Structure formats: C-alpha cells, structure tokens
>>> print(open('target_30.cif').read())   # mmCIF, C-alpha atoms; chains and numbers go by the auth columns
data_query
#
loop_
_atom_site.group_PDB
_atom_site.id
_atom_site.type_symbol
_atom_site.label_atom_id
_atom_site.label_comp_id
_atom_site.label_asym_id
_atom_site.label_seq_id
_atom_site.Cartn_x
_atom_site.Cartn_y
_atom_site.Cartn_z
_atom_site.B_iso_or_equiv
_atom_site.auth_seq_id
_atom_site.auth_asym_id
ATOM 1 C CA GLN A 1 51.668 -55.881 37.441 0.00 25 P
ATOM 2 C CA GLY A 2 52.674 -57.861 40.523 0.00 26 P
ATOM 3 C CA GLN A 3 54.419 -56.991 43.760 0.00 27 P
ATOM 4 C CA GLN A 4 58.038 -57.046 44.823 0.00 28 P
ATOM 5 C CA ASN A 5 59.158 -60.141 46.684 0.00 29 P
ATOM 6 C CA ASP A 6 62.432 -61.298 48.183 0.00 30 P
ATOM 7 C CA TYR A 7 62.705 -64.130 45.661 0.00 31 P
ATOM 8 C CA ILE A 8 61.031 -64.604 42.307 0.00 32 P
ATOM 9 C CA ILE A 9 60.792 -67.924 40.485 0.00 33 P
ATOM 10 C CA VAL A 10 59.929 -67.741 36.792 0.00 34 P
ATOM 11 C CA SER A 11 58.963 -71.041 35.218 0.00 35 P
ATOM 12 C CA LEU A 12 59.259 -71.274 31.453 0.00 36 P
ATOM 13 C CA VAL A 13 59.676 -75.047 31.407 0.00 37 P
ATOM 14 C CA ARG A 14 56.407 -75.807 29.627 0.00 38 P
ATOM 15 C CA THR A 15 56.881 -73.035 27.089 0.00 39 P
ATOM 16 C CA GLN A 16 57.349 -74.243 23.526 0.00 40 P
ATOM 17 C CA HIS A 17 57.210 -70.806 21.866 0.00 41 P
ATOM 18 C CA VAL A 18 58.393 -67.399 23.024 0.00 42 P
ATOM 19 C CA GLY A 19 54.814 -66.067 22.826 0.00 43 P
ATOM 20 C CA HIS A 20 53.740 -63.300 25.217 0.00 44 P
ATOM 21 C CA LEU A 21 57.271 -62.748 26.553 0.00 45 P
ATOM 22 C CA ARG A 22 58.149 -61.090 23.227 0.00 46 P
ATOM 23 C CA ASP A 23 56.478 -58.044 24.777 0.00 47 P
ATOM 24 C CA VAL A 24 59.497 -56.540 26.519 0.00 48 P
ATOM 25 C CA ARG A 25 57.264 -54.711 29.022 0.00 49 P
ATOM 26 C CA ARG A 26 56.047 -58.054 30.400 0.00 50 P
ATOM 27 C CA LEU A 27 59.597 -59.305 30.668 0.00 51 P
ATOM 28 C CA ILE A 28 60.714 -56.146 32.502 0.00 52 P
ATOM 29 C CA VAL A 29 57.877 -56.463 35.011 0.00 53 P
ATOM 30 C CA THR A 30 58.753 -60.117 35.579 0.00 54 P
ATOM 31 C CA MET A 31 62.473 -59.547 35.978 0.00 55 P
ATOM 32 C CA SER A 32 62.264 -56.426 38.152 0.00 56 P
ATOM 33 C CA ARG A 33 60.239 -57.831 41.056 0.00 57 P
ATOM 34 C CA ALA A 34 62.995 -59.721 42.920 0.00 58 P
ATOM 35 C CA ARG A 35 64.854 -58.055 45.781 0.00 59 P
ATOM 36 C CA PHE A 36 67.331 -60.839 46.654 0.00 60 P
ATOM 37 C CA GLY A 37 67.082 -63.594 44.061 0.00 61 P
ATOM 38 C CA LEU A 38 65.638 -64.260 40.623 0.00 62 P
ATOM 39 C CA TYR A 39 65.456 -67.852 39.422 0.00 63 P
ATOM 40 C CA VAL A 40 64.428 -68.558 35.834 0.00 64 P
ATOM 41 C CA PHE A 41 63.751 -72.155 34.840 0.00 65 P
ATOM 42 C CA GLY A 42 63.340 -73.000 31.180 0.00 66 P
ATOM 43 C CA ARG A 43 65.012 -73.933 27.924 0.00 67 P
ATOM 44 C CA PHE A 44 67.617 -71.243 27.407 0.00 68 P
ATOM 45 C CA SER A 45 68.088 -72.216 23.761 0.00 69 P
ATOM 46 C CA LEU A 46 64.462 -71.317 22.972 0.00 70 P
ATOM 47 C CA PHE A 47 64.825 -67.731 24.161 0.00 71 P
ATOM 48 C CA GLU A 48 68.447 -66.816 23.412 0.00 72 P
ATOM 49 C CA ASN A 49 67.785 -66.272 19.686 0.00 73 P
ATOM 50 C CA CYS A 50 64.705 -64.072 20.133 0.00 74 P
ATOM 51 C CA PHE A 51 65.600 -60.553 18.941 0.00 75 P
ATOM 52 C CA GLU A 52 63.315 -58.764 21.416 0.00 76 P
ATOM 53 C CA LEU A 53 64.721 -60.666 24.385 0.00 77 P
ATOM 54 C CA ALA A 54 68.392 -60.672 23.332 0.00 78 P
ATOM 55 C CA PRO A 55 69.571 -57.991 25.821 0.00 79 P
ATOM 56 C CA VAL A 56 68.145 -59.875 28.813 0.00 80 P
ATOM 57 C CA PHE A 57 69.184 -63.347 27.684 0.00 81 P
ATOM 58 C CA ASN A 58 72.691 -62.118 26.830 0.00 82 P
ATOM 59 C CA ARG A 59 72.995 -61.109 30.486 0.00 83 P
ATOM 60 C CA PHE A 60 71.641 -64.510 31.554 0.00 84 P
ATOM 61 C CA ALA A 61 74.257 -66.200 29.349 0.00 85 P
ATOM 62 C CA LYS A 62 76.989 -64.741 31.581 0.00 86 P
ATOM 63 C CA ARG A 63 75.437 -66.232 34.728 0.00 87 P
ATOM 64 C CA PRO A 64 75.667 -69.831 35.947 0.00 88 P
ATOM 65 C CA ARG A 65 72.988 -72.070 34.479 0.00 89 P
ATOM 66 C CA LYS A 66 72.990 -74.545 37.344 0.00 90 P
ATOM 67 C CA LEU A 67 70.946 -73.906 40.472 0.00 91 P
ATOM 68 C CA SER A 68 73.263 -73.406 43.429 0.00 92 P
ATOM 69 C CA LEU A 69 71.683 -73.353 46.893 0.00 93 P
ATOM 70 C CA GLU A 70 73.164 -72.314 50.222 0.00 94 P
ATOM 71 C CA LEU A 71 71.256 -74.765 52.402 0.00 95 P
ATOM 72 C CA ASP A 72 72.956 -73.596 55.603 0.00 96 P
ATOM 73 C CA GLU A 73 71.679 -70.028 55.245 0.00 97 P
ATOM 74 C CA LYS A 74 68.431 -69.373 57.071 0.00 98 P
ATOM 75 C CA SER A 75 67.823 -65.719 56.208 0.00 99 P
ATOM 76 C CA CYS A 76 68.890 -63.004 53.807 0.00 100 P
ATOM 77 C CA GLU A 77 71.351 -61.614 56.341 0.00 101 P
ATOM 78 C CA VAL A 78 74.663 -63.419 55.960 0.00 102 P
ATOM 79 C CA ASP A 79 77.994 -62.807 57.676 0.00 103 P
ATOM 80 C CA ARG A 80 80.196 -63.632 54.683 0.00 104 P
ATOM 81 C CA ALA A 81 81.406 -61.022 52.194 0.00 105 P
ATOM 82 C CA THR A 82 79.692 -60.508 48.853 0.00 106 P
ATOM 83 C CA GLY A 83 81.211 -62.644 46.125 0.00 107 P
ATOM 84 C CA THR A 84 82.551 -65.321 48.464 0.00 108 P
ATOM 85 C CA ALA A 85 81.015 -68.767 48.324 0.00 109 P
ATOM 86 C CA GLY A 86 79.582 -70.356 51.412 0.00 110 P
ATOM 87 C CA ASN A 87 78.782 -74.037 51.145 0.00 111 P
ATOM 88 C CA PRO A 88 76.897 -74.309 47.832 0.00 112 P
ATOM 89 C CA THR A 89 74.870 -77.347 46.842 0.00 113 P
ATOM 90 C CA LEU A 90 74.513 -77.706 43.055 0.00 114 P
ATOM 91 C CA VAL A 91 71.148 -79.066 41.959 0.00 115 P
ATOM 92 C CA LYS A 92 71.486 -81.261 38.872 0.00 116 P
ATOM 93 C CA ASP A 93 67.855 -81.897 38.022 0.00 117 P
ATOM 94 C CA LEU A 94 64.254 -81.865 39.212 0.00 118 P
ATOM 95 C CA PRO A 95 64.401 -85.220 41.084 0.00 119 P
ATOM 96 C CA GLU A 96 67.388 -83.966 43.066 0.00 120 P
ATOM 97 C CA MET A 97 65.555 -80.703 43.826 0.00 121 P
ATOM 98 C CA TRP A 98 62.571 -82.742 45.039 0.00 122 P
ATOM 99 C CA ASN A 99 64.809 -84.811 47.328 0.00 123 P
ATOM 100 C CA LEU A 100 66.447 -81.676 48.756 0.00 124 P
ATOM 101 C CA LEU A 101 63.030 -80.160 49.400 0.00 125 P
ATOM 102 C CA GLN A 102 61.830 -83.344 51.112 0.00 126 P
ATOM 103 C CA ASP A 103 64.933 -83.431 53.330 0.00 127 P
ATOM 104 C CA GLN A 104 64.547 -79.758 54.302 0.00 128 P
ATOM 105 C CA MET A 105 60.844 -80.177 55.113 0.00 129 P
ATOM 106 C CA LYS A 106 61.507 -83.336 57.134 0.00 130 P
ATOM 107 C CA ALA A 107 64.172 -81.522 59.175 0.00 131 P
ATOM 108 C CA GLN A 108 61.813 -78.597 59.823 0.00 132 P
ATOM 109 C CA PHE A 109 58.972 -80.905 60.906 0.00 133 P
ATOM 110 C CA GLN A 110 61.299 -82.826 63.217 0.00 134 P
ATOM 111 C CA ALA A 111 62.561 -79.588 64.777 0.00 135 P
ATOM 112 C CA ALA A 112 58.988 -78.366 65.285 0.00 136 P
ATOM 113 C CA ALA A 113 57.938 -81.703 66.831 0.00 137 P
ATOM 114 C CA LYS A 114 60.887 -81.504 69.209 0.00 138 P
ATOM 115 C CA VAL A 115 59.833 -78.015 70.356 0.00 139 P
ATOM 116 C CA VAL A 116 56.237 -79.135 70.873 0.00 140 P
ATOM 117 C CA SER A 117 57.225 -82.289 72.774 0.00 141 P
ATOM 118 C CA SER A 118 59.484 -80.257 75.074 0.00 142 P
ATOM 119 C CA GLY A 119 56.511 -78.117 76.086 0.00 143 P
ATOM 120 C CA LYS A 120 58.056 -74.909 74.749 0.00 144 P
ATOM 121 C CA GLY A 121 55.690 -74.757 71.797 0.00 145 P
ATOM 122 C CA ARG A 122 52.419 -74.892 73.754 0.00 146 P
ATOM 123 C CA PRO A 123 50.201 -71.849 74.049 0.00 147 P
ATOM 124 C CA ALA A 124 50.184 -69.995 77.372 0.00 148 P
ATOM 125 C CA ALA A 125 47.571 -71.122 79.886 0.00 149 P
ATOM 126 C CA ALA A 126 44.345 -69.163 79.841 0.00 150 P
ATOM 127 C CA GLY A 127 43.486 -66.829 82.719 0.00 151 P
ATOM 128 C CA PRO A 128 40.745 -67.506 85.241 0.00 152 P
ATOM 129 C CA ALA A 129 37.303 -68.095 83.799 0.00 153 P
ATOM 130 C CA MET A 130 34.787 -65.315 84.292 0.00 154 P
ATOM 131 C CA SER A 131 31.183 -66.085 85.175 0.00 155 P
#
>>> encode(input="target_30.cif", output="structure tokens")
Amino acid sequence: QGQQNDYIIVSLVRTQHVGHLRDVRRLIVTMSRARFGLYVFGRFSLFENCFELAPVFNRFAKRPRKLSLELDEKSCEVDRATGTAGNPTLVKDLPEMWNLLQDQMKAQFQAAAKVVSSGKGRPAAAGPAMS
C-alpha cells in the first residue's frame, strides 16, 4: 500500500499502455500518499482518454504541466501567503532538470566542505581514556 511522504514522484514516462493503473484503487493509493507535493511525469495524452482514469486526469488537465521549482525554499515552512508565487524556476526538460540537480548538489557539497574546513563540522573530542 505504501506510506505517506512529504513529496511523491510518480514516473509514467516508460509506460506505453495504461495497464495496471486502470485499476482505480491503485491510482487512489498512488495519488493519496503526498502531504505537500505530488509530481506526475508521463505522457498526458496516453492517460487522458482512459475512461477509468478520466476524473483524475481531468483534474490534472487544470493544473500546470510544466515543473516549477522554488529553488530558494529550503523547507516546507514558507513565509509567503498561499497562492502567491515566490521565485519559480520552470524546468523545460530532463537535461535542464539534471543541470539544476547538479548545481544544487555542488552548492550543498561546497557548503559542507566549508563547514568542515572551518572546524565547526568536526566531532567533539573524546573524553579521557580509561584503563
């Protein structure tokens, strides 16, 4: 059945036929596990004409189809009001997503290296040895 998570990513990109998702129970389980964000990647045109999935994909049709990321946000707690845009970055395709991921990881590694080199990231000294 799966557990709840803050964000759920559903990948349907390699799907060529609707297949097991025709079972609405599976779709409900998949779609109901996200607390803050649900991201579905796939060919919308393949699923939008499936009778069993029409209610869900009709709702998806009203949502943006481009991935929009708030790269400046570091947690789920944000100071801006609901419905107001922050500083969104639109992701056009997979290569751009890869580049964004690489940049974010590089920045995190550099920040961690800076903490370690400053001595703030070292473990506390051990107490006196006992014999």
>>> atom_distance(input="target_30.cif", atom1="CA of Phe60 (chain P)", atom2="CA of Ile33 (chain P)")
11.4 Å
>>> residues_around(input="target_30.cif", residues="region 75-85 of chain P", least_positions_apart="5", cutoff="10 Å", atoms="only C-alpha atoms", output="list of chain:residue names")
P:Val42, P:Leu45, P:Arg46, P:Asp47, P:Val48, P:Leu51, P:Ile52, P:Met55, P:Val64, P:Phe68, P:Ser69
>>> atom_distance(input="target_30.cif", atom1="CA of Asn73 (chain P)", atom2="CA of His41 (chain P)")
11.7 Å
>>> residues_around(input="target_30.cif", residues="region 113-118 of chain P", least_positions_apart="3", cutoff="6 Å", atoms="all atoms listed in the file", output="ChimeraX atom specification")
/P:91-93,121
>>> closest_residue(input="target_30.cif", among="P:Thr54, P:Gln40, P:Ser142, P:Thr106", to="Gln28 (chain P)", atoms="only C-alpha atoms")
P:Thr54
>>> atom_distance(input="target_30.cif", atom1="CA of Lys86 (chain P)", atom2="CA of Ala58 (chain P)")
18.7 Å
>>> closest_residue(input="target_30.cif", among="P:Arg87, P:Ala137, P:Leu124, P:Gln27", to="Val53 (chain P)", atoms="all atoms listed in the file")
P:Gln27
>>> residues_around(input="target_30.cif", residues="Gly61 (chain P)", least_positions_apart="4", cutoff="8 Å", atoms="only C-alpha atoms", output="tab-separated table (two decimals) with C-alpha atoms, in the coordinates of the input")
chain	number	residue	atom	x	y	z
P	30	ASP	CA	62.43	-61.30	48.18
P	31	TYR	CA	62.70	-64.13	45.66
P	32	ILE	CA	61.03	-64.60	42.31
>>> closest_residue(input="target_30.cif", among="P:Val37, P:Ala135, P:Lys130, P:Ser141", to="Arg67 (chain P)", atoms="only C-alpha atoms")
P:Val37
>>> decode(input="target_30.cif", residues="region 85-96 of chain P", atoms="all heavy atoms", output="PDB file, in the first residue's frame")
ATOM      1  N   ALA P  85      -5.603  18.103 -15.854  1.00  0.00           N
ATOM      2  CA  ALA P  85      -5.650  18.978 -17.033  1.00  0.00           C
ATOM      3  C   ALA P  85      -5.769  20.442 -16.635  1.00  0.00           C
ATOM      4  O   ALA P  85      -5.371  21.324 -17.393  1.00  0.00           O
ATOM      5  CB  ALA P  85      -6.813  18.581 -17.936  1.00  0.00           C
ATOM      6  N   LYS P  86      -6.313  20.709 -15.453  1.00  0.00           N
ATOM      7  CA  LYS P  86      -6.474  22.087 -14.976  1.00  0.00           C
ATOM      8  C   LYS P  86      -5.217  22.627 -14.306  1.00  0.00           C
ATOM      9  O   LYS P  86      -5.151  23.798 -13.978  1.00  0.00           O
ATOM     10  CB  LYS P  86      -7.642  22.152 -13.996  1.00  0.00           C
ATOM     11  CG  LYS P  86      -8.969  21.795 -14.635  1.00  0.00           C
ATOM     12  CD  LYS P  86     -10.073  21.722 -13.608  1.00  0.00           C
ATOM     13  CE  LYS P  86     -11.363  21.238 -14.269  1.00  0.00           C
ATOM     14  NZ  LYS P  86     -12.387  20.940 -13.289  1.00  0.00           N
ATOM     15  N   ARG P  87      -4.239  21.776 -14.082  1.00  0.00           N
ATOM     16  CA  ARG P  87      -3.004  22.158 -13.398  1.00  0.00           C
ATOM     17  C   ARG P  87      -1.910  22.439 -14.425  1.00  0.00           C
ATOM     18  O   ARG P  87      -1.972  21.974 -15.557  1.00  0.00           O
ATOM     19  CB  ARG P  87      -2.534  21.018 -12.476  1.00  0.00           C
ATOM     20  CG  ARG P  87      -3.579  20.474 -11.528  1.00  0.00           C
ATOM     21  CD  ARG P  87      -3.918  21.396 -10.423  1.00  0.00           C
ATOM     22  NE  ARG P  87      -2.758  21.570  -9.584  1.00  0.00           N
ATOM     23  CZ  ARG P  87      -2.681  22.473  -8.634  1.00  0.00           C
ATOM     24  NH1 ARG P  87      -3.683  23.265  -8.402  1.00  0.00           N
ATOM     25  NH2 ARG P  87      -1.615  22.589  -7.913  1.00  0.00           N
ATOM     26  N   PRO P  88      -0.896  23.203 -14.030  1.00  0.00           N
ATOM     27  CA  PRO P  88       0.227  23.432 -14.955  1.00  0.00           C
ATOM     28  C   PRO P  88       0.910  22.112 -15.317  1.00  0.00           C
ATOM     29  O   PRO P  88       1.027  21.219 -14.485  1.00  0.00           O
ATOM     30  CB  PRO P  88       1.174  24.319 -14.144  1.00  0.00           C
ATOM     31  CG  PRO P  88       0.355  24.875 -13.042  1.00  0.00           C
ATOM     32  CD  PRO P  88      -0.731  23.894 -12.762  1.00  0.00           C
ATOM     33  N   ARG P  89       1.349  22.019 -16.548  1.00  0.00           N
ATOM     34  CA  ARG P  89       2.035  20.799 -16.990  1.00  0.00           C
ATOM     35  C   ARG P  89       3.540  20.945 -16.984  1.00  0.00           C
ATOM     36  O   ARG P  89       4.258  20.006 -17.277  1.00  0.00           O
ATOM     37  CB  ARG P  89       1.561  20.421 -18.389  1.00  0.00           C
ATOM     38  CG  ARG P  89       0.121  19.998 -18.387  1.00  0.00           C
ATOM     39  CD  ARG P  89      -0.230  19.292 -19.653  1.00  0.00           C
ATOM     40  NE  ARG P  89      -1.675  19.182 -19.758  1.00  0.00           N
ATOM     41  CZ  ARG P  89      -2.288  18.702 -20.797  1.00  0.00           C
ATOM     42  NH1 ARG P  89      -1.595  18.291 -21.828  1.00  0.00           N
ATOM     43  NH2 ARG P  89      -3.598  18.632 -20.818  1.00  0.00           N
ATOM     44  N   LYS P  90       4.024  22.106 -16.661  1.00  0.00           N
ATOM     45  CA  LYS P  90       5.473  22.328 -16.568  1.00  0.00           C
ATOM     46  C   LYS P  90       5.881  22.245 -15.098  1.00  0.00           C
ATOM     47  O   LYS P  90       5.150  22.698 -14.218  1.00  0.00           O
ATOM     48  CB  LYS P  90       5.840  23.703 -17.111  1.00  0.00           C
ATOM     49  CG  LYS P  90       5.526  23.874 -18.572  1.00  0.00           C
ATOM     50  CD  LYS P  90       6.791  23.919 -19.341  1.00  0.00           C
ATOM     51  CE  LYS P  90       6.457  24.185 -20.803  1.00  0.00           C
ATOM     52  NZ  LYS P  90       7.315  23.530 -21.673  1.00  0.00           N
ATOM     53  N   LEU P  91       7.038  21.682 -14.853  1.00  0.00           N
ATOM     54  CA  LEU P  91       7.566  21.596 -13.493  1.00  0.00           C
ATOM     55  C   LEU P  91       8.100  22.959 -13.092  1.00  0.00           C
ATOM     56  O   LEU P  91       8.930  23.547 -13.773  1.00  0.00           O
ATOM     57  CB  LEU P  91       8.672  20.542 -13.422  1.00  0.00           C
ATOM     58  CG  LEU P  91       9.330  20.371 -12.060  1.00  0.00           C
ATOM     59  CD1 LEU P  91       8.313  19.939 -11.015  1.00  0.00           C
ATOM     60  CD2 LEU P  91      10.452  19.348 -12.148  1.00  0.00           C
ATOM     61  N   SER P  92       7.600  23.472 -11.989  1.00  0.00           N
ATOM     62  CA  SER P  92       8.012  24.770 -11.470  1.00  0.00           C
ATOM     63  C   SER P  92       8.600  24.554 -10.084  1.00  0.00           C
ATOM     64  O   SER P  92       7.912  24.048  -9.186  1.00  0.00           O
ATOM     65  CB  SER P  92       6.800  25.701 -11.395  1.00  0.00           C
ATOM     66  OG  SER P  92       7.159  26.927 -10.837  1.00  0.00           O
ATOM     67  N   LEU P  93       9.855  24.901  -9.898  1.00  0.00           N
ATOM     68  CA  LEU P  93      10.550  24.686  -8.632  1.00  0.00           C
ATOM     69  C   LEU P  93      10.850  26.002  -7.940  1.00  0.00           C
ATOM     70  O   LEU P  93      11.198  26.990  -8.592  1.00  0.00           O
ATOM     71  CB  LEU P  93      11.870  23.943  -8.865  1.00  0.00           C
ATOM     72  CG  LEU P  93      11.767  22.578  -9.535  1.00  0.00           C
ATOM     73  CD1 LEU P  93      13.160  22.051  -9.834  1.00  0.00           C
ATOM     74  CD2 LEU P  93      10.998  21.615  -8.665  1.00  0.00           C
ATOM     75  N   GLU P  94      10.738  26.017  -6.643  1.00  0.00           N
ATOM     76  CA  GLU P  94      11.131  27.160  -5.822  1.00  0.00           C
ATOM     77  C   GLU P  94      12.486  26.802  -5.216  1.00  0.00           C
ATOM     78  O   GLU P  94      12.563  26.242  -4.128  1.00  0.00           O
ATOM     79  CB  GLU P  94      10.090  27.427  -4.727  1.00  0.00           C
ATOM     80  CG  GLU P  94       8.757  27.899  -5.243  1.00  0.00           C
ATOM     81  CD  GLU P  94       8.771  29.344  -5.717  1.00  0.00           C
ATOM     82  OE1 GLU P  94       9.754  30.066  -5.434  1.00  0.00           O
ATOM     83  OE2 GLU P  94       7.802  29.746  -6.375  1.00  0.00           O
ATOM     84  N   LEU P  95      13.543  27.100  -5.924  1.00  0.00           N
ATOM     85  CA  LEU P  95      14.884  26.687  -5.512  1.00  0.00           C
ATOM     86  C   LEU P  95      15.372  27.400  -4.261  1.00  0.00           C
ATOM     87  O   LEU P  95      16.261  26.899  -3.572  1.00  0.00           O
ATOM     88  CB  LEU P  95      15.875  26.902  -6.656  1.00  0.00           C
ATOM     89  CG  LEU P  95      15.587  26.080  -7.911  1.00  0.00           C
ATOM     90  CD1 LEU P  95      16.552  26.448  -9.029  1.00  0.00           C
ATOM     91  CD2 LEU P  95      15.643  24.593  -7.616  1.00  0.00           C
ATOM     92  N   ASP P  96      14.786  28.554  -3.932  1.00  0.00           N
ATOM     93  CA  ASP P  96      15.216  29.288  -2.750  1.00  0.00           C
ATOM     94  C   ASP P  96      14.595  28.750  -1.468  1.00  0.00           C
ATOM     95  O   ASP P  96      15.045  29.076  -0.380  1.00  0.00           O
ATOM     96  CB  ASP P  96      14.865  30.779  -2.887  1.00  0.00           C
ATOM     97  CG  ASP P  96      15.580  31.424  -4.065  1.00  0.00           C
ATOM     98  OD1 ASP P  96      16.685  30.965  -4.406  1.00  0.00           O
ATOM     99  OD2 ASP P  96      15.022  32.371  -4.641  1.00  0.00           O
TER     100      ASP P  96
END
